[in-house]
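Participant: Please see the structure below; I have some questions.
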Amino acid sequence: MEIDSSAALRVHNVRLVDGLGSAVVADAVLDAGADGRIAYAGPASGAPAPSPDVRSVDGRGGTLLPGFFDCHVHLGMPSNRSIVDEALMTSPALRTLQTAERLRRTLDAGITSARDLGALPAGFRDAVGSGLVAGPRLQTSVGIISHTGGHADTTLPGGVDLGFDFCALADDADEVRLAARRLLRAGADLVKICTSGGMSSAGDDPDDEDLLEEEVAAAVDEARRHRGRAVAAHAQGGAGVLAAIRGGAASVEHGFGIDEQGCDLLGERGAVLVPTLATVFEPLDAATGPPWRYEKKMRWNERTKENIAAAIGRKVTVAMGTDAGISAHGRNLAELAHLVELGMAPMEAIRAATSTSARLLGVEDRLGALRPGMLADVVVCAGDPLRDIGVLAEPDNIVLVAQQGVVRKSALPPPGTGSTGREGAPPPAPAAAPGAGDSR
Ligand SMILES: [Zn+2]
């Protein structure tokens with residue numbers, strides 16, 4: 001999650017939402033030192049005088065928020081092409097460059113930290129950290145562990161195995177330990193497992209069970225033995241949700257079938273739900289995808305909305321994740337509007353995507369809140385997301401993005417000029433040729 005560069009930054013003429021749910025400050029100033037840490041965040045009336053050499057940004061009455069988290073992305077996966085096309089028809093070099101473009105687009109959408117849950121090699125994390133490419137700070141699971149025939153088995157119905165190196169098959173507790181060790185050796189920051197089938201896998205169903213409770217526990221123990229790392233569990237059906245929590249996973253990903261028992265157990269164990277509602281709310285084109293995937297989605301969508309709304313009503317701890325790669329890349333903050341549609345207050349949704357997500361990723365001591373001493377990962381949004389949470393969904397409304405005080409995107413005119421621009425990385429790419437990016 002670390003990045004090397006930092007800069008002093010001052011933002012004024014903004015409404016401040018601190019990510020912890022505190023009262024909004026109507027006319028605020030944020031001041032960060034050269035070390036990229038926040039020295040002041042509060043009312044303009046109490047702000048220290050600006051130091052002469054600091055970069056000062058006029059937020060034009062917009063809303064200043066902590067840089068957002070997306071705790072469930074697949075930056076190595078296209079959202080607009082099938083994985084068959086990706087595996088068989090796309091050169092490795094092109095895949096790498098397309099991933100770099102998605103990193104930039106995700107950052108521009110206001111996501112300054114992301115947790116990738118499969119198909120992103122650790123080198124991308126390190127490239128972002130060193131400034132080689134612009135993108136969210138990253139944690140990555142590198143791969144995904146499931147049973148043979150489970151959610152991470154990419155053997156197609158015709159018998160051809162797509163052979164993605166990020167898919168790790170393991171069929172008992174010892175094999176799960178070995179698979180986890182291999183992924184940790186490849187630089188994984190956490191271990192991703194599957195305790196249920198899924199929507200996008202041909203051979204299973206969300207209600208199918210995948211890793212058993214004792215296999216989850218083996219993964220959890222193996223991750224813990226490597227610098228206290230955590231396990232995230234893809235768990236859609238009710239049985240998979242319970243196996244994930246009982247086995248000790250830190251987060252239930254999707255949780256579409258979660259019931260009252262699952263919610264209670266989640267609370268008891270201090271686990272977190274990452275509901276990835278973008279995959280539910282985004283329409284799926286029946287004409288372009290395989291029929292089994294469309295059928296599963298139709299069968300699950302309404303149930304999912306009811307279950308997640310009930311979980312929100314029961315006040316389970318929710319962190320924000322989109323499953324971008326399955327859902328569209330670069331519109332990550334639309335997820336907050338989905339959470340609000342299912343019953344969250346806008347302030348709660350913002351907390352889910354900032355301080356709560358930071359806690360899930362174990363970085364709450366430095367990220368996810370605008371408080372003195374925290375790193376100045378910040379976003380300015382035109383408009384007021386507490387009145388209309390939907391304003392965050394449109395990347396053009398994200399007018400400033402900074403990490404550790406370094407401005408990565410600015411659509412605010414600098415004083416004395418009429419121009420706008422982005423900094424800290426190459427200029428924006430021209431409009432993508434058909435099929436080149438993920439334009440959906
Ligand atoms: Zn996923």
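Naming scheme: A, B, ... for chains in displayed order of the structure tokens; residues 1 onward per chain; ligands 1 onward as shown.
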Pull the closest atom pair for each residue of chain A that gets at most 7 Å from ligand 1, along with the distance in Å to one decimal, counting only C-alpha atoms and all ligand atoms, ordering rows by chain and then ascending residue number, as a tab-separated table.

Facilitator:
```
residue	atom	partner	partner_atom_place_in_ligand_line	distance
A:His72	CA	ligand 1	1 (Zn)	6.2
A:Val73	CA	ligand 1	1 (Zn)	6.4
A:His74	CA	ligand 1	1 (Zn)	6.5
A:Leu117	CA	ligand 1	1 (Zn)	6.0
A:Asp323	CA	ligand 1	1 (Zn)	4.7
A:Ile326	CA	ligand 1	1 (Zn)	6.9
```

Participant: Per residue of stretch 17-99 of chain A within 12 Å of stretch 364-380 of chain A, which atom pair is closest and at what distance in Å (one decimal), using only C-alpha atoms, listed by chain and increasing number, as a Markdown table?

Facilitator:
```
| residue | atom | partner | partner_atom | distance |
| --- | --- | --- | --- | --- |
| A:Val17 | CA | A:Leu370 | CA | 7.9 |
| A:Asp18 | CA | A:Leu370 | CA | 4.7 |
| A:Gly19 | CA | A:Ala369 | CA | 4.8 |
| A:Leu20 | CA | A:Ala369 | CA | 6.2 |
| A:Gly21 | CA | A:Ala369 | CA | 9.5 |
| A:Ser22 | CA | A:Ala369 | CA | 10.3 |
| A:Val24 | CA | A:Leu370 | CA | 11.7 |
| A:Val25 | CA | A:Leu370 | CA | 11.7 |
| A:Ala28 | CA | A:Leu370 | CA | 11.6 |
| A:Val29 | CA | A:Leu370 | CA | 10.9 |
| A:Leu30 | CA | A:Leu370 | CA | 8.4 |
| A:Asp31 | CA | A:Ala376 | CA | 8.6 |
| A:Ala32 | CA | A:Ala376 | CA | 6.4 |
| A:Gly33 | CA | A:Ala376 | CA | 8.9 |
| A:Ala34 | CA | A:Ala376 | CA | 10.3 |
| A:Asp35 | CA | A:Leu375 | CA | 8.5 |
| A:Gly36 | CA | A:Ala376 | CA | 5.6 |
| A:Arg37 | CA | A:Leu375 | CA | 4.3 |
| A:Ile38 | CA | A:Pro372 | CA | 4.7 |
| A:Ala39 | CA | A:Pro372 | CA | 4.9 |
| A:Tyr40 | CA | A:Pro372 | CA | 5.5 |
| A:Ala41 | CA | A:Arg371 | CA | 6.1 |
| A:Gly42 | CA | A:Arg371 | CA | 8.8 |
| A:Val57 | CA | A:Val380 | CA | 10.1 |
| A:Asp58 | CA | A:Val380 | CA | 10.1 |
| A:Gly59 | CA | A:Val380 | CA | 6.8 |
| A:Arg60 | CA | A:Val380 | CA | 9.5 |
| A:Gly61 | CA | A:Val380 | CA | 9.4 |
| A:Gly62 | CA | A:Val380 | CA | 6.2 |
| A:Thr63 | CA | A:Val380 | CA | 5.3 |
| A:Leu64 | CA | A:Val380 | CA | 4.5 |
| A:Leu65 | CA | A:Val379 | CA | 5.3 |
| A:Pro66 | CA | A:Val378 | CA | 4.6 |
| A:Gly67 | CA | A:Val378 | CA | 4.3 |
| A:Phe68 | CA | A:Gly368 | CA | 7.3 |
| A:Phe69 | CA | A:Gly368 | CA | 7.8 |
| A:Asp70 | CA | A:Gly368 | CA | 11.5 |
```

Participant: Which of stretch 231-284 of chain A counts as helix (DSSP H, G or I) under DSSP, as a list in words please?

Facilitator: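 After running DSSP on the backbone, stretch 231-284 of chain A has helix (DSSP H, G or I) at Gly238, Ala239, Gly240, Val241, Leu242, Ala243, Ala244, Ile245, Arg246, Gly247, Glu260, Gln261, Gly262, Cys263, Asp264, Leu265, Leu266, Gly267, Glu268, Arg269, Ala278, Thr279, Val280 and Phe281 of chain A.
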
Participant: Find, counting only C-alpha atoms, the residue in A:Asp388, A:Asp285, A:Glu86, A:Asp208 that gets nearest to A:Lys297.

Facilitator: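 Under the stated criterion, the closest residue is A:Asp285.
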
Participant: With only C-alpha atoms as the basis for distance, which of A:Thr112, A:Thr99, A:Ser141, A:Gln404 is at the shortest distance from A:Phe124?

Facilitator: A:Thr99

Participant: Rank nothing, just name the residue among A:Met199, A:Arg351, A:Asp126, A:Ile111 nearest to A:Ala152, using only C-alpha atoms.

Facilitator: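 Among the listed residues, A:Met199 lies closest to A:Ala152.
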
Participant: Could you give me, as JSON, numbers by chain, the residues within 12 Å of A:Ser79, counting only C-alpha atoms and dropping anything in the same chain fewer than 4 positions from it?

Facilitator: {"A": [73, 74, 75, 83, 85, 86, 98, 99, 102, 200, 278, 279, 282, 284, 289, 322, 323, 324, 325, 326, 327, 328, 329, 330, 331, 435, 436, 437, 438, 439, 440]}

Participant: Write the residues of the preceding selection, restricted to N, CA and C atoms, as a JSON list (two decimals), in the first residue's frame.

Facilitator:
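Saved as result_24.json:
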```json
[["chain", "number", "residue", "atom", "x", "y", "z"],
["A", 73, "VAL", "N", -11.63, -5.38, -6.42],
["A", 73, "VAL", "CA", -11.47, -5.10, -7.86],
["A", 73, "VAL", "C", -10.68, -6.23, -8.50],
["A", 74, "HIS", "N", -10.79, -6.28, -9.83],
["A", 74, "HIS", "CA", -9.95, -7.17, -10.64],
["A", 74, "HIS", "C", -9.37, -6.31, -11.76],
["A", 75, "LEU", "N", -8.31, -5.60, -11.42],
["A", 75, "LEU", "CA", -7.75, -4.65, -12.40],
["A", 75, "LEU", "C", -7.10, -5.35, -13.58],
["A", 83, "ILE", "N", -13.51, -13.68, -20.67],
["A", 83, "ILE", "CA", -12.17, -14.14, -20.28],
["A", 83, "ILE", "C", -11.60, -15.09, -21.33],
["A", 85, "ASP", "N", -11.76, -14.51, -24.58],
["A", 85, "ASP", "CA", -11.10, -13.56, -25.47],
["A", 85, "ASP", "C", -9.79, -13.07, -24.84],
["A", 86, "GLU", "N", -9.86, -12.78, -23.55],
["A", 86, "GLU", "CA", -8.69, -12.27, -22.83],
["A", 86, "GLU", "C", -7.57, -13.31, -22.82],
["A", 98, "GLN", "N", -3.09, -2.53, -20.89],
["A", 98, "GLN", "CA", -4.51, -2.29, -20.61],
["A", 98, "GLN", "C", -4.75, -2.23, -19.10],
["A", 99, "THR", "N", -4.02, -3.05, -18.36],
["A", 99, "THR", "CA", -4.14, -3.00, -16.90],
["A", 99, "THR", "C", -3.65, -1.65, -16.38],
["A", 102, "ARG", "N", -6.30, 0.86, -16.84],
["A", 102, "ARG", "CA", -7.39, 0.71, -15.85],
["A", 102, "ARG", "C", -6.98, 1.27, -14.49],
["A", 200, "SER", "N", -20.14, -16.01, -12.54],
["A", 200, "SER", "CA", -19.36, -15.92, -13.78],
["A", 200, "SER", "C", -18.61, -17.21, -14.09],
["A", 278, "ALA", "N", -22.48, -3.39, -7.56],
["A", 278, "ALA", "CA", -22.38, -3.02, -8.99],
["A", 278, "ALA", "C", -22.72, -4.21, -9.87],
["A", 279, "THR", "N", -22.32, -5.41, -9.45],
["A", 279, "THR", "CA", -22.58, -6.59, -10.27],
["A", 279, "THR", "C", -24.08, -6.92, -10.29],
["A", 282, "GLU", "N", -25.78, -3.33, -12.24],
["A", 282, "GLU", "CA", -25.43, -3.11, -13.65],
["A", 282, "GLU", "C", -26.15, -4.15, -14.51],
["A", 284, "LEU", "N", -26.91, -6.76, -17.44],
["A", 284, "LEU", "CA", -26.09, -7.71, -18.20],
["A", 284, "LEU", "C", -26.79, -7.89, -19.54],
["A", 289, "GLY", "N", -23.37, -12.28, -23.54],
["A", 289, "GLY", "CA", -22.76, -13.23, -22.59],
["A", 289, "GLY", "C", -23.34, -14.63, -22.75],
["A", 322, "THR", "N", -16.57, -3.23, -5.54],
["A", 322, "THR", "CA", -17.41, -3.21, -6.75],
["A", 322, "THR", "C", -17.32, -4.47, -7.60],
["A", 323, "ASP", "N", -16.24, -5.25, -7.43],
["A", 323, "ASP", "CA", -15.96, -6.35, -8.36],
["A", 323, "ASP", "C", -15.69, -5.82, -9.78],
["A", 324, "ALA", "N", -15.12, -4.62, -9.87],
["A", 324, "ALA", "CA", -14.78, -4.07, -11.19],
["A", 324, "ALA", "C", -13.88, -5.05, -11.92],
["A", 325, "GLY", "N", -14.19, -5.29, -13.17],
["A", 325, "GLY", "CA", -13.56, -6.39, -13.92],
["A", 325, "GLY", "C", -14.66, -7.37, -14.29],
["A", 326, "ILE", "N", -15.57, -7.56, -13.33],
["A", 326, "ILE", "CA", -16.85, -8.22, -13.60],
["A", 326, "ILE", "C", -17.86, -7.10, -13.88],
["A", 327, "SER", "N", -17.93, -6.10, -12.98],
["A", 327, "SER", "CA", -18.65, -4.86, -13.30],
["A", 327, "SER", "C", -17.68, -3.92, -14.02],
["A", 328, "ALA", "N", -18.18, -2.75, -14.43],
["A", 328, "ALA", "CA", -17.37, -1.83, -15.24],
["A", 328, "ALA", "C", -16.23, -1.22, -14.42],
["A", 329, "HIS", "N", -15.10, -1.01, -15.05],
["A", 329, "HIS", "CA", -14.00, -0.26, -14.43],
["A", 329, "HIS", "C", -14.27, 1.24, -14.54],
["A", 330, "GLY", "N", -13.75, 2.00, -13.57],
["A", 330, "GLY", "CA", -13.70, 3.46, -13.70],
["A", 330, "GLY", "C", -14.99, 4.19, -13.32],
["A", 331, "ARG", "N", -15.95, 3.47, -12.79],
["A", 331, "ARG", "CA", -17.15, 4.12, -12.25],
["A", 331, "ARG", "C", -17.42, 3.56, -10.85],
["A", 435, "GLY", "N", -12.67, -1.90, -28.73],
["A", 435, "GLY", "CA", -12.09, -3.15, -28.24],
["A", 435, "GLY", "C", -10.80, -2.96, -27.48],
["A", 436, "ALA", "N", -10.27, -1.72, -27.44],
["A", 436, "ALA", "CA", -8.97, -1.54, -26.79],
["A", 436, "ALA", "C", -9.08, -1.38, -25.29],
["A", 437, "GLY", "N", -10.16, -0.79, -24.81],
["A", 437, "GLY", "CA", -10.27, -0.56, -23.38],
["A", 437, "GLY", "C", -11.54, -1.18, -22.84],
["A", 438, "ASP", "N", -11.97, -0.68, -21.69],
["A", 438, "ASP", "CA", -13.20, -1.20, -21.10],
["A", 438, "ASP", "C", -14.16, -0.05, -21.06],
["A", 439, "SER", "N", -14.82, 0.22, -22.15],
["A", 439, "SER", "CA", -15.56, 1.47, -22.25],
["A", 439, "SER", "C", -16.96, 1.37, -21.68],
["A", 440, "ARG", "N", -17.39, 0.17, -21.35],
["A", 440, "ARG", "CA", -18.75, -0.03, -20.91],
["A", 440, "ARG", "C", -19.03, 0.72, -19.62]]
```

Participant: Check stretch 179-335 of chain A with DSSP on the backbone and list each residue it calls strand (DSSP E), as a PyMOL selection string.

Facilitator: chain A and resi 191-194+231-235+251-254+272-274

Participant: Generate a file of the selected residues that holds C-alpha atoms, formatted as a PDB file, in the first residue's frame.

Facilitator:
```
ATOM      1  CA  VAL A 191      -5.231 -14.805   0.477  1.00  0.00           C
ATOM      2  CA  LYS A 192      -8.410 -15.007  -1.615  1.00  0.00           C
ATOM      3  CA  ILE A 193     -10.458 -18.170  -1.405  1.00  0.00           C
ATOM      4  CA  CYS A 194     -13.881 -19.303  -2.619  1.00  0.00           C
ATOM      5  CA  VAL A 231      -8.240 -14.056   4.083  1.00  0.00           C
ATOM      6  CA  ALA A 232     -11.008 -12.713   1.860  1.00  0.00           C
ATOM      7  CA  ALA A 233     -13.670 -15.217   0.887  1.00  0.00           C
ATOM      8  CA  HIS A 234     -15.788 -15.178  -2.245  1.00  0.00           C
ATOM      9  CA  ALA A 235     -19.048 -16.379  -0.653  1.00  0.00           C
ATOM     10  CA  SER A 251     -14.364 -10.510   4.807  1.00  0.00           C
ATOM     11  CA  VAL A 252     -17.328 -12.054   3.059  1.00  0.00           C
ATOM     12  CA  GLU A 253     -17.185 -10.965  -0.582  1.00  0.00           C
ATOM     13  CA  HIS A 254     -20.591 -10.621  -2.313  1.00  0.00           C
ATOM     14  CA  VAL A 272     -16.896  -7.439   7.216  1.00  0.00           C
ATOM     15  CA  LEU A 273     -19.364  -7.705   4.336  1.00  0.00           C
ATOM     16  CA  VAL A 274     -18.288  -6.417   0.896  1.00  0.00           C
TER      17      VAL A 274
END
```

Participant: Using only C-alpha atoms, pick whichever of A:Leu333, A:Leu266, A:Val133, A:Leu386 has the shortest atom-to-atom distance to A:Leu97.

Facilitator: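 Of A:Leu333, A:Leu266, A:Val133, A:Leu386, the one nearest A:Leu97 is A:Val133, counting only C-alpha atoms.
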
Participant: Please provide as a ChimeraX atom specification all residues within 9 Å of A:Leu361, with the sequence filter that same-chain residues fewer than 6 positions apart are discarded (counting only C-alpha atoms).

Facilitator: /A:71,115,139,230

Participant: Find the residues around A:Asp189 up to 12 Å (only C-alpha atoms counted), leave out those fewer than 6 positions away in its own chain, and share them as number ranges by chain.

Facilitator: A: 1, 114-118, 120-123, 125-126, 138-143, 180-181, 183, 223-224, 226-232, 361-362

Participant: What's the 10 Å shell around A:Val176, counting only C-alpha atoms, without same-chain residues fewer than 6 positions away, as a list in words?

Facilitator: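 My reading of the contact set: Ile145, Ser146, His147, Ala168, Leu169, Ala170, Arg182, Ile193, Leu211, Glu215, Val216, Ala217, Ala218, Ala219, Val220 and Glu222 of chain A.
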
Participant: Would you output that residue set with C-alpha atoms, as a PDB file, in the first residue's frame?

Facilitator:
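To be explicit, this is the file written out as result12.pdb:
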```pdb
ATOM      1  CA  ILE A 145      -8.065 -20.613  -4.460  1.00  0.00           C
ATOM      2  CA  SER A 146     -10.991 -22.954  -5.048  1.00  0.00           C
ATOM      3  CA  HIS A 147     -11.762 -26.660  -5.399  1.00  0.00           C
ATOM      4  CA  ALA A 168      -5.155 -22.139  -7.849  1.00  0.00           C
ATOM      5  CA  LEU A 169      -7.051 -25.399  -7.359  1.00  0.00           C
ATOM      6  CA  ALA A 170      -6.828 -27.144  -3.973  1.00  0.00           C
ATOM      7  CA  ARG A 182       2.621 -20.268  -3.481  1.00  0.00           C
ATOM      8  CA  ILE A 193     -10.458 -18.170  -1.405  1.00  0.00           C
ATOM      9  CA  LEU A 211     -13.869 -24.655   0.339  1.00  0.00           C
ATOM     10  CA  GLU A 215     -10.022 -25.635   4.578  1.00  0.00           C
ATOM     11  CA  VAL A 216     -10.886 -21.987   5.190  1.00  0.00           C
ATOM     12  CA  ALA A 217      -9.253 -22.318   8.614  1.00  0.00           C
ATOM     13  CA  ALA A 218      -6.107 -23.748   6.963  1.00  0.00           C
ATOM     14  CA  ALA A 219      -5.916 -20.735   4.627  1.00  0.00           C
ATOM     15  CA  VAL A 220      -6.516 -18.359   7.532  1.00  0.00           C
ATOM     16  CA  GLU A 222      -1.310 -19.963   6.633  1.00  0.00           C
TER      17      GLU A 222
END
```

Participant: Atom CA of A:Met89 and atom CA of A:Ala202 are how many Å apart?

Facilitator: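 Between these atoms lies a distance of 19.7 Å.
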